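So this one's upload.cif, mmCIF, C-alpha atoms:
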data_start
loop_
_atom_site.group_PDB
_atom_site.id
_atom_site.type_symbol
_atom_site.label_atom_id
_atom_site.label_comp_id
_atom_site.auth_asym_id
_atom_site.auth_seq_id
_atom_site.Cartn_x
_atom_site.Cartn_y
_atom_site.Cartn_z
ATOM 1 C CA MET R 1 0.000 0.000 0.000
ATOM 2 C CA GLN R 2 1.316 3.423 -0.964
ATOM 3 C CA SER R 3 0.908 6.781 0.732
ATOM 4 C CA VAL R 4 1.061 9.890 -1.459
ATOM 5 C CA TYR R 5 1.992 13.347 -0.159
ATOM 6 C CA LYS R 6 1.468 16.029 -2.804
ATOM 7 C CA TYR R 7 3.503 19.221 -2.911
ATOM 8 C CA ARG R 8 1.789 22.577 -2.874
ATOM 9 C CA PHE R 9 3.262 25.938 -3.818
ATOM 10 C CA SER R 10 3.103 28.741 -1.273
ATOM 11 C CA ARG R 11 2.299 32.303 -2.262
ATOM 12 C CA ARG R 12 5.914 33.296 -1.804
ATOM 13 C CA THR R 13 7.052 30.612 -4.251
ATOM 14 C CA ILE R 14 4.493 31.718 -6.836
ATOM 15 C CA TYR R 15 5.457 35.394 -6.482
ATOM 16 C CA VAL R 16 9.175 34.657 -6.776
ATOM 17 C CA SER R 17 8.618 32.440 -9.831
ATOM 18 C CA ILE R 18 6.634 35.199 -11.556
ATOM 19 C CA ILE R 19 9.408 37.693 -10.795
ATOM 20 C CA TYR R 20 11.974 35.287 -12.307
ATOM 21 C CA LEU R 21 9.956 34.952 -15.501
ATOM 22 C CA ILE R 22 9.432 38.727 -15.775
ATOM 23 C CA VAL R 23 13.154 39.397 -15.325
ATOM 24 C CA PHE R 24 14.095 36.801 -17.951
ATOM 25 C CA ALA R 25 11.547 38.211 -20.414
ATOM 26 C CA LEU R 26 12.738 41.795 -19.889
ATOM 27 C CA LEU R 27 16.387 40.831 -20.345
ATOM 28 C CA GLY R 28 15.615 38.929 -23.553
ATOM 29 C CA TRP R 29 13.549 41.826 -24.893
ATOM 30 C CA ALA R 30 16.279 44.352 -24.022
ATOM 31 C CA LEU R 31 19.039 42.274 -25.668
ATOM 32 C CA TYR R 32 16.929 41.678 -28.758
ATOM 33 C CA HIS R 33 16.319 45.396 -29.310
ATOM 34 C CA LEU R 34 19.850 46.383 -28.277
ATOM 35 C CA TYR R 35 21.592 44.078 -30.718
ATOM 36 C CA GLU R 36 18.724 43.991 -33.263
ATOM 37 C CA GLY R 37 18.245 40.258 -33.034
ATOM 38 C CA GLY R 38 21.927 39.395 -33.347
ATOM 39 C CA TYR R 39 23.818 36.400 -32.091
ATOM 40 C CA LEU R 40 24.040 37.713 -28.487
ATOM 41 C CA SER R 41 20.266 37.878 -27.998
ATOM 42 C CA ALA R 42 19.893 34.445 -29.601
ATOM 43 C CA TRP R 43 22.591 33.033 -27.321
ATOM 44 C CA PHE R 44 20.958 34.521 -24.245
ATOM 45 C CA THR R 45 17.540 33.193 -25.240
ATOM 46 C CA SER R 46 18.956 29.705 -25.773
ATOM 47 C CA PHE R 47 20.747 29.856 -22.416
ATOM 48 C CA ILE R 48 17.583 30.891 -20.550
ATOM 49 C CA VAL R 49 15.508 28.178 -22.232
ATOM 50 C CA ALA R 50 18.106 25.538 -21.399
ATOM 51 C CA LEU R 51 18.362 26.766 -17.810
ATOM 52 C CA ILE R 52 14.601 26.679 -17.306
ATOM 53 C CA ALA R 53 14.394 23.205 -18.849
ATOM 54 C CA LEU R 54 17.218 21.938 -16.627
ATOM 55 C CA MET R 55 15.641 23.400 -13.497
ATOM 56 C CA ALA R 56 12.237 22.013 -14.456
ATOM 57 C CA LEU R 57 13.641 18.496 -14.279
ATOM 58 C CA SER R 58 13.934 18.774 -10.482
ATOM 59 C CA ILE R 59 10.705 20.638 -9.666
ATOM 60 C CA PRO R 60 9.088 18.377 -6.988
ATOM 61 C CA ARG R 61 5.581 17.045 -7.554
ATOM 62 C CA LYS R 62 4.829 14.471 -4.838
ATOM 63 C CA ILE R 63 6.263 12.066 -2.270
ATOM 64 C CA VAL R 64 5.302 8.400 -2.569
ATOM 65 C CA VAL R 65 5.869 6.101 0.435
ATOM 66 C CA SER R 66 5.677 2.346 -0.132
ATOM 67 C CA GLU R 67 6.481 -0.613 2.103
ATOM 68 C CA ASP R 68 10.143 -0.823 1.077
ATOM 69 C CA ARG R 69 11.085 2.642 -0.179
ATOM 70 C CA ILE R 70 10.315 6.349 -0.365
ATOM 71 C CA GLU R 71 10.291 8.190 -3.693
ATOM 72 C CA VAL R 72 10.513 11.952 -4.283
ATOM 73 C CA ARG R 73 9.044 12.347 -7.740
ATOM 74 C CA CYS R 74 9.929 15.465 -9.732
ATOM 75 C CA LEU R 75 8.802 16.372 -13.258
ATOM 76 C CA LEU R 76 11.449 14.228 -14.966
ATOM 77 C CA ASP R 77 13.449 12.826 -12.072
ATOM 78 C CA ILE R 78 12.933 10.401 -9.175
ATOM 79 C CA THR R 79 14.972 10.243 -5.962
ATOM 80 C CA GLU R 80 14.670 6.960 -4.066
ATOM 81 C CA ILE R 81 15.628 5.934 -0.513
ATOM 82 C CA ARG R 82 15.176 2.425 0.824
ATOM 83 C CA ARG R 83 13.255 2.367 4.097
ATOM 84 C CA ASP R 84 15.639 -0.130 5.693
ATOM 85 C CA GLU R 85 18.464 2.389 5.119
ATOM 86 C CA ILE R 86 16.698 5.238 6.948
ATOM 87 C CA ALA R 87 18.444 6.091 10.225
ATOM 88 C CA SER R 88 16.260 8.987 11.458
ATOM 89 C CA VAL R 89 13.295 11.132 10.431
ATOM 90 C CA ARG R 90 12.478 14.348 12.256
ATOM 91 C CA ARG R 91 10.769 17.737 11.880
ATOM 92 C CA VAL R 92 12.985 20.768 11.277
ATOM 93 C CA GLU R 93 12.122 24.315 12.288
ATOM 94 C CA THR R 94 12.175 26.976 9.587
ATOM 95 C CA ARG R 95 14.747 29.092 11.420
ATOM 96 C CA ARG R 96 17.182 26.167 11.245
ATOM 97 C CA MET R 97 17.036 26.327 7.420
ATOM 98 C CA LYS R 98 18.553 29.820 7.314
ATOM 99 C CA TRP R 99 22.001 28.180 7.260
ATOM 100 C CA PHE R 100 21.327 26.515 3.890
ATOM 101 C CA ILE R 101 22.736 28.121 0.715
ATOM 102 C CA PRO R 102 22.090 26.743 -2.795
ATOM 103 C CA ILE R 103 25.042 25.342 -4.751
ATOM 104 C CA PHE R 104 23.251 23.977 -7.823
ATOM 105 C CA GLY R 105 19.490 24.046 -8.101
ATOM 106 C CA GLY R 106 16.481 26.303 -7.812
ATOM 107 C CA TYR R 107 15.818 28.798 -5.046
ATOM 108 C CA GLY R 108 12.298 30.143 -5.321
ATOM 109 C CA PHE R 109 11.780 29.295 -9.021
ATOM 110 C CA PHE R 110 8.799 26.943 -8.689
ATOM 111 C CA GLY R 111 10.239 25.602 -5.441
ATOM 112 C CA TYR R 112 13.492 24.976 -3.618
ATOM 113 C CA TYR R 113 15.378 21.974 -4.926
ATOM 114 C CA GLY R 114 18.843 20.733 -5.767
ATOM 115 C CA HIS R 115 22.115 20.627 -3.848
ATOM 116 C CA PHE R 116 22.594 22.998 -0.908
ATOM 117 C CA ILE R 117 25.386 23.495 1.629
ATOM 118 C CA ASP R 118 24.700 23.567 5.359
ATOM 119 C CA LEU R 119 26.942 26.302 6.768
ATOM 120 C CA ARG R 120 26.330 25.149 10.328
ATOM 121 C CA ARG R 121 27.655 21.628 9.724
ATOM 122 C CA LEU R 122 29.665 22.388 6.550
ATOM 123 C CA ASP R 123 27.914 19.528 4.830
ATOM 124 C CA ARG R 124 26.258 19.114 1.417
ATOM 125 C CA VAL R 125 22.571 18.164 1.479
ATOM 126 C CA ARG R 126 19.692 17.758 -0.982
ATOM 127 C CA ILE R 127 16.429 19.667 -0.728
ATOM 128 C CA TYR R 128 13.129 19.025 -2.517
ATOM 129 C CA ALA R 129 10.585 21.574 -1.288
ATOM 130 C CA SER R 130 7.789 23.604 -2.809
ATOM 131 C CA GLU R 131 7.621 26.020 0.155
ATOM 132 C CA TRP R 132 10.158 27.251 2.700
ATOM 133 C CA ARG R 133 8.467 25.648 5.729
ATOM 134 C CA ASN R 134 7.115 22.309 7.039
ATOM 135 C CA PHE R 135 10.498 20.672 6.541
ATOM 136 C CA VAL R 136 11.240 17.010 7.296
ATOM 137 C CA GLU R 137 14.825 15.761 7.564
ATOM 138 C CA ILE R 138 15.505 12.206 6.351
ATOM 139 C CA THR R 139 18.953 10.805 7.242
ATOM 140 C CA ASP R 140 20.170 7.453 5.939
ATOM 141 C CA ILE R 141 22.735 5.090 7.426
ATOM 142 C CA TYR R 142 25.429 6.714 5.280
ATOM 143 C CA ASP R 143 24.815 10.132 6.960
ATOM 144 C CA ASP R 144 23.368 11.587 3.749
ATOM 145 C CA ARG R 145 20.587 14.040 4.532
ATOM 146 C CA LEU R 146 17.537 14.804 2.433
ATOM 147 C CA TYR R 147 15.069 17.596 3.240
ATOM 148 C CA VAL R 148 11.515 17.630 1.909
ATOM 149 C CA SER R 149 8.560 19.908 2.580
ATOM 150 C CA CYS R 150 5.209 18.375 3.369
ATOM 151 C CA ALA R 151 1.899 19.916 4.393
ATOM 152 C CA ASP R 152 1.196 16.856 6.575
ATOM 153 C CA ALA R 153 4.719 16.669 8.007
ATOM 154 C CA ASP R 154 3.736 15.012 11.292
ATOM 155 C CA ARG R 155 2.061 12.084 9.522
ATOM 156 C CA LEU R 156 5.055 11.655 7.222
ATOM 157 C CA VAL R 157 7.436 11.573 10.197
ATOM 158 C CA ALA R 158 5.276 9.048 12.030
ATOM 159 C CA GLU R 159 5.118 6.797 8.975
ATOM 160 C CA LEU R 160 8.860 6.877 8.157
ATOM 161 C CA THR R 161 10.328 6.706 11.683
ATOM 162 C CA PRO R 162 12.350 3.464 12.012
ATOM 163 C CA PRO R 163 10.836 0.754 14.241
ATOM 164 C CA GLY R 164 13.720 1.050 16.720
ATOM 165 C CA GLY R 165 13.455 4.835 16.907
ATOM 166 C CA ASN R 166 15.608 7.599 15.478
ATOM 167 C CA ARG R 167 19.351 7.566 15.746
ATOM 168 C CA PRO R 168 20.599 10.331 18.116
ATOM 169 C CA ASP R 169 21.529 13.531 16.321
ATOM 170 C CA ASP R 170 24.598 15.629 17.152
ATOM 171 C CA GLU R 171 22.506 18.774 17.657
ATOM 172 C CA GLU R 172 20.107 16.958 20.006
ATOM 173 C CA ILE R 173 23.041 15.700 22.089
ATOM 174 C CA ASP R 174 24.405 19.252 22.398
ATOM 175 C CA GLU R 175 20.978 20.528 23.478
ATOM 176 C CA GLU R 176 20.685 17.783 26.127
ATOM 177 C CA GLU R 177 24.096 18.710 27.535
ATOM 178 C CA GLU R 178 23.170 22.380 27.669
ATOM 179 C CA GLY R 179 19.785 21.623 29.279
ATOM 180 C CA PRO R 180 20.994 20.815 32.867
ATOM 181 C CA GLU R 181 23.244 23.878 32.901
ATOM 182 C CA GLN R 182 20.346 26.119 31.908
ATOM 183 C CA GLU R 183 18.109 24.542 34.580
ATOM 184 C CA VAL R 184 20.724 25.131 37.311
ATOM 185 C CA SER R 185 21.203 28.751 36.278
ATOM 186 C CA GLY R 186 17.414 29.206 36.184
ATOM 187 C CA GLN R 187 17.052 27.837 39.730
ATOM 188 C CA LYS R 188 19.776 30.190 40.979
ATOM 189 C CA ASP R 189 18.063 33.175 39.359
ATOM 190 C CA ALA R 190 14.718 32.168 40.902
ATOM 191 C CA GLU R 191 16.283 31.830 44.388
ATOM 192 C CA GLN R 192 17.967 35.225 44.061
ATOM 193 C CA LYS R 193 14.734 36.896 42.961
ATOM 194 C CA GLY R 194 12.881 35.239 45.874
ATOM 195 C CA SER R 195 15.402 36.531 48.434
ATOM 196 C CA GLU R 196 15.192 40.043 46.984
ATOM 197 C CA LEU R 197 11.393 39.954 47.150
ATOM 198 C CA GLU R 198 11.462 38.758 50.778
ATOM 199 C CA ALA R 199 13.864 41.567 51.761
ATOM 200 C CA THR R 200 11.580 44.128 50.094
ATOM 201 C CA ARG R 201 8.569 42.792 52.008
ATOM 202 C CA GLN R 202 10.448 43.042 55.310
ATOM 203 C CA GLU R 203 11.422 46.674 54.617
ATOM 204 C CA VAL R 204 7.812 47.569 53.822
ATOM 205 C CA THR R 205 6.605 45.867 57.036
ATOM 206 C CA GLU R 206 9.196 47.746 59.161
ATOM 207 C CA GLN R 207 8.221 51.083 57.589
ATOM 208 C CA LYS R 208 4.558 50.437 58.340
ATOM 209 C CA GLY R 209 5.334 49.428 61.942
ATOM 210 C CA SER R 210 7.466 52.550 62.616
ATOM 211 C CA GLY R 211 4.766 54.779 61.113
ATOM 212 C CA GLN R 212 2.018 53.248 63.275
ATOM 213 C CA GLU R 213 4.183 53.525 66.417
ATOM 214 C CA ALA R 214 4.869 57.241 65.818
ATOM 215 C CA THR R 215 1.168 57.854 65.189
ATOM 216 C CA GLY R 216 0.206 56.131 68.475
ATOM 217 C CA GLN R 217 2.665 58.222 70.492
ATOM 218 C CA LYS R 218 1.377 61.477 69.030
ATOM 219 C CA ASP R 219 -2.249 60.486 69.675
ATOM 220 C CA ALA R 220 -1.424 59.699 73.306
ATOM 221 C CA GLU R 221 0.321 63.091 73.766
ATOM 222 C CA GLN R 222 -2.670 64.899 72.276
ATOM 223 C CA LYS R 223 -5.115 63.117 74.604
ATOM 224 C CA ASP R 224 -2.937 63.924 77.639
ATOM 225 C CA ALA R 225 -2.908 67.589 76.638
ATOM 226 C CA GLU R 226 -6.697 67.643 76.328
ATOM 227 C CA LEU R 227 -7.259 65.963 79.677
ATOM 228 C CA THR R 228 -4.789 68.192 81.579
ATOM 229 C CA VAL R 229 -6.674 70.897 83.686
ATOM 230 C CA PRO R 230 -5.048 73.694 85.820
ATOM 231 C CA GLU R 231 -5.280 73.247 89.636
ATOM 232 C CA SER R 232 -7.170 76.552 90.172
ATOM 233 C CA GLY R 233 -9.482 75.957 87.275
ATOM 234 C CA ASN R 234 -12.400 74.703 89.385
ATOM 235 C CA SER R 235 -12.673 77.962 91.431
ATOM 236 C CA ARG R 236 -12.729 80.085 88.298
ATOM 237 C CA ASN R 237 -15.067 78.088 86.081
ATOM 238 C CA GLY R 238 -18.108 80.230 86.940
ATOM 239 C CA ALA R 239 -16.274 83.543 86.465
ATOM 240 C CA GLU R 240 -14.833 82.415 83.145
ATOM 241 C CA LYS R 241 -18.257 81.392 81.888
ATOM 242 C CA ARG R 242 -19.744 84.825 82.818
ATOM 243 C CA ARG R 243 -16.863 86.638 81.079
ATOM 244 C CA GLU R 244 -17.267 84.466 77.985
ATOM 245 C CA LYS R 245 -20.966 85.397 77.832
ATOM 246 C CA ALA R 246 -20.032 89.047 78.081
ATOM 247 C CA GLY R 247 -17.681 88.662 75.095
ATOM 248 C CA GLU R 248 -14.402 88.763 77.053
ATOM 249 C CA ILE R 249 -11.599 86.181 76.781
ATOM 250 C CA PRO R 250 -10.035 85.000 80.041
ATOM 251 C CA GLU R 251 -6.392 86.051 80.386
ATOM 252 C CA ASN R 252 -5.034 82.788 81.793
ATOM 253 C CA ARG R 253 -7.135 80.476 79.648
ATOM 254 C CA PRO R 254 -4.983 77.530 78.559
ATOM 255 C CA GLU R 255 -4.746 77.281 74.780
ATOM 256 C CA ARG R 256 -5.195 73.862 73.274
ATOM 257 C CA SER R 257 -2.237 73.061 71.102
ATOM 258 C CA ARG R 258 -2.990 71.791 67.678
ATOM 259 C CA GLN R 259 -0.599 69.134 66.569
ATOM 260 C CA SER R 260 -0.225 68.007 62.992
ATOM 261 C CA ILE R 261 0.238 64.318 62.567
ATOM 262 C CA CYS R 262 2.258 63.148 59.603
ATOM 263 C CA ILE R 263 2.200 59.508 58.708
ATOM 264 C CA SER R 264 4.797 58.337 56.251
ATOM 265 C CA THR R 265 3.620 55.517 54.051
ATOM 266 C CA PRO R 266 5.694 53.734 51.471
ATOM 267 C CA LEU R 267 4.923 54.453 47.859
ATOM 268 C CA PHE R 268 4.284 51.613 45.478
ATOM 269 C CA THR R 269 4.702 51.864 41.716
ATOM 270 C CA ILE R 270 2.231 49.804 39.785
ATOM 271 C CA LYS R 271 3.262 49.088 36.227
ATOM 272 C CA THR R 272 0.446 48.539 33.794
ATOM 273 C CA ARG R 273 1.144 46.216 30.939
ATOM 274 C CA LYS R 274 1.051 48.053 27.672
ATOM 275 C CA LYS R 275 -1.463 46.629 25.249
ATOM 276 C CA MET R 276 0.373 44.673 22.551
ATOM 277 C CA LYS R 277 -0.426 45.755 19.006
ATOM 278 C CA LYS R 278 -1.283 43.654 16.003
ATOM 279 C CA TYR R 279 0.706 43.679 12.780
ATOM 280 C CA ARG R 280 -0.434 42.865 9.241
ATOM 281 C CA CYS R 281 1.604 41.275 6.406
ATOM 282 C CA VAL R 282 1.702 43.663 3.436
ATOM 283 C CA VAL R 283 1.906 40.736 0.995
ATOM 284 C CA CYS R 284 -0.885 38.353 2.063
ATOM 285 C CA ASP R 285 -2.775 40.482 4.686
ATOM 286 C CA TRP R 286 -2.233 37.868 7.407
ATOM 287 C CA VAL R 287 -2.506 39.509 10.842
ATOM 288 C CA TYR R 288 -0.183 38.602 13.699
ATOM 289 C CA ASP R 289 -2.095 38.656 16.991
ATOM 290 C CA PRO R 290 0.221 38.644 20.069
ATOM 291 C CA ALA R 291 -2.496 36.913 22.097
ATOM 292 C CA VAL R 292 -2.446 33.958 19.673
ATOM 293 C CA GLY R 293 1.201 34.005 18.559
ATOM 294 C CA ASP R 294 2.494 31.574 15.934
ATOM 295 C CA PRO R 295 2.895 28.136 17.623
ATOM 296 C CA ASP R 296 3.837 26.447 14.341
ATOM 297 C CA GLY R 297 6.626 29.003 13.873
ATOM 298 C CA GLY R 298 7.918 28.664 17.437
ATOM 299 C CA ILE R 299 6.262 31.884 18.719
ATOM 300 C CA ALA R 300 4.360 31.351 21.971
ATOM 301 C CA PRO R 301 1.086 33.207 22.727
ATOM 302 C CA GLY R 302 1.619 36.487 24.551
ATOM 303 C CA THR R 303 4.770 37.367 22.569
ATOM 304 C CA ALA R 304 4.860 40.986 21.347
ATOM 305 C CA PHE R 305 5.763 41.551 17.700
ATOM 306 C CA GLU R 306 8.904 43.466 18.768
ATOM 307 C CA GLU R 307 10.154 40.398 20.669
ATOM 308 C CA ILE R 308 9.878 38.043 17.671
ATOM 309 C CA PRO R 309 13.304 36.921 16.307
ATOM 310 C CA GLU R 310 14.473 38.666 13.153
ATOM 311 C CA ASP R 311 14.648 35.389 11.202
ATOM 312 C CA TRP R 312 10.933 34.677 11.732
ATOM 313 C CA VAL R 313 8.804 34.599 8.547
ATOM 314 C CA CYS R 314 5.119 34.936 7.766
ATOM 315 C CA PRO R 315 3.424 31.509 8.190
ATOM 316 C CA VAL R 316 1.264 32.101 5.081
ATOM 317 C CA CYS R 317 3.484 33.710 2.419
ATOM 318 C CA GLY R 318 6.946 33.361 4.008
ATOM 319 C CA VAL R 319 8.055 37.015 3.842
ATOM 320 C CA GLY R 320 10.313 38.444 6.521
ATOM 321 C CA LYS R 321 9.415 40.424 9.622
ATOM 322 C CA ASP R 322 10.228 43.700 7.861
ATOM 323 C CA GLN R 323 7.221 43.218 5.540
ATOM 324 C CA PHE R 324 4.708 43.737 8.393
ATOM 325 C CA GLU R 325 2.962 46.982 9.296
ATOM 326 C CA GLU R 326 1.168 48.021 12.463
ATOM 327 C CA VAL R 327 -2.619 47.630 12.515
ATOM 328 C CA ALA R 328 -4.353 50.839 13.551
ATOM 329 C CA GLU R 329 -7.049 50.294 16.159
#
Could I get this structure in the form of structure tokens?
Amino acid sequence: MQSVYKYRFSRRTIYVSIIYLIVFALLGWALYHLYEGGYLSAWFTSFIVALIALMALSIPRKIVVSEDRIEVRCLLDITEIRRDEIASVRRVETRRMKWFIPIFGGYGFFGYYGHFIDLRRLDRVRIYASEWRNFVEITDIYDDRLYVSCADADRLVAELTPPGGNRPDDEEIDEEEEGPEQEVSGQKDAEQKGSELEATRQEVTEQKGSGQEATGQKDAEQKDAELTVPESGNSRNGAEKRREKAGEIPENRPERSRQSICISTPLFTIKTRKKMKKYRCVVCDWVYDPAVGDPDGGIAPGTAFEEIPEDWVCPVCGVGKDQFEEVAE
């Protein structure tokens, strides 16, 4: 029984292919009129036709998986890999593919295919993709790597994974070695932040306690002053009342002191989270919502557009981050 995975062209691939054809047509037209149909324009036209025909041989059409082999079928070419020679099959993130540079093949002209060089490993690989995403890496027992793009990449990986599991990859081993070190450093940072927060809470509690103590002392002094009465006050209460009725102020009347109470309270600064803005792709009108993110592209929900890595691309048309504009609300 065979499983067929058909290639599909992304908008970016279609746009780039149209640009290629327009450039070739303009150059041929310019040379024809410049040299009035001489040998140079004829040579250039023949070269372009031969180049397009040669590139068309490797334009991928579909992936066919049978019980004993996998075939990448192009227009006039077939690449085969025996399933018993497959060592590992795994998904590859798009940002990992930025290290690949074409040596001989097509880059954007009806797909990405041919021989590429991996600058990270300094190794030559083959790529058969119709879009620059959804990559699957197939490594054989001879350490030859083949990259294909597939809309249903997870199903392809599950179907081609060897029965005994994938062979460990050098990059995965490096990530596992770096993992414990990152966890230890993260625990240390968390402990340090916790101690700083505890010290801040203690300072705030001490400030509140000192403020309440000072307030209690001043209240007690004020009450003592109000309750204090002169010794000869009882014998003059009647006379003072009569003089107050007559509009006169007693000479020796004790004045009640007015005390101002100042309570110092710590100030807290509350930072409000700025509302994250949406951005729209100028090519395909896809809108990036920070609340949703781009999980397939490795962008978690809640990530602002400014915090997205520079090598991130639009999940629909594949253009770069610089092709997005802010959405006015």
query = Can you list, as a ChimeraX atom specification, the residues that the PyMOL selection byres ((chain R and resi 146) around 10) selects here?
reply = /R:79,81,89,115,124-128,136-140,143-145,147-148
key: For Met276 (chain R), the nearest of the candidates R:Glu325, R:Asp289, R:Glu93, R:Asp154, counting all atoms listed in the file   =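 Of the candidates, the smallest distance to Met276 (chain R) is held by R:Asp289.
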request  = May I ask which of the residues R:Arg73, R:Arg280, R:Arg201, R:Arg12 is the closest one to Tyr113 (chain R), counting only C-alpha atoms?
outcome  =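 Using only C-alpha atoms, the shortest distance to Tyr113 (chain R) belongs to R:Arg73.
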task = For the structure shown, which residues end up in the PyMOL selection byres ((chain R and resi 108) around 12)? Put them as a ChimeraX atom specification, please?
result = /R:9-21,55,59,102,105-107,109-114,128-132,318
request  = Choose the residue, out of R:Leu27, R:Ile299, R:Ile117, R:Ala87, that has the smallest atom-to-atom separation from Ile48 (chain R); count all atoms listed in the file.
outcome  =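 Looking only at the distances to Ile48 (chain R), the closest residue turns out to be R:Leu27.
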request  = Using CA of Asp118 (chain R) and CA of Arg133 (chain R) as the two end points, give the distance in Å to one decimal.
outcome  =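 Spanning CA of Asp118 (chain R) to CA of Arg133 (chain R) is a straight-line distance of 16.4 Å.
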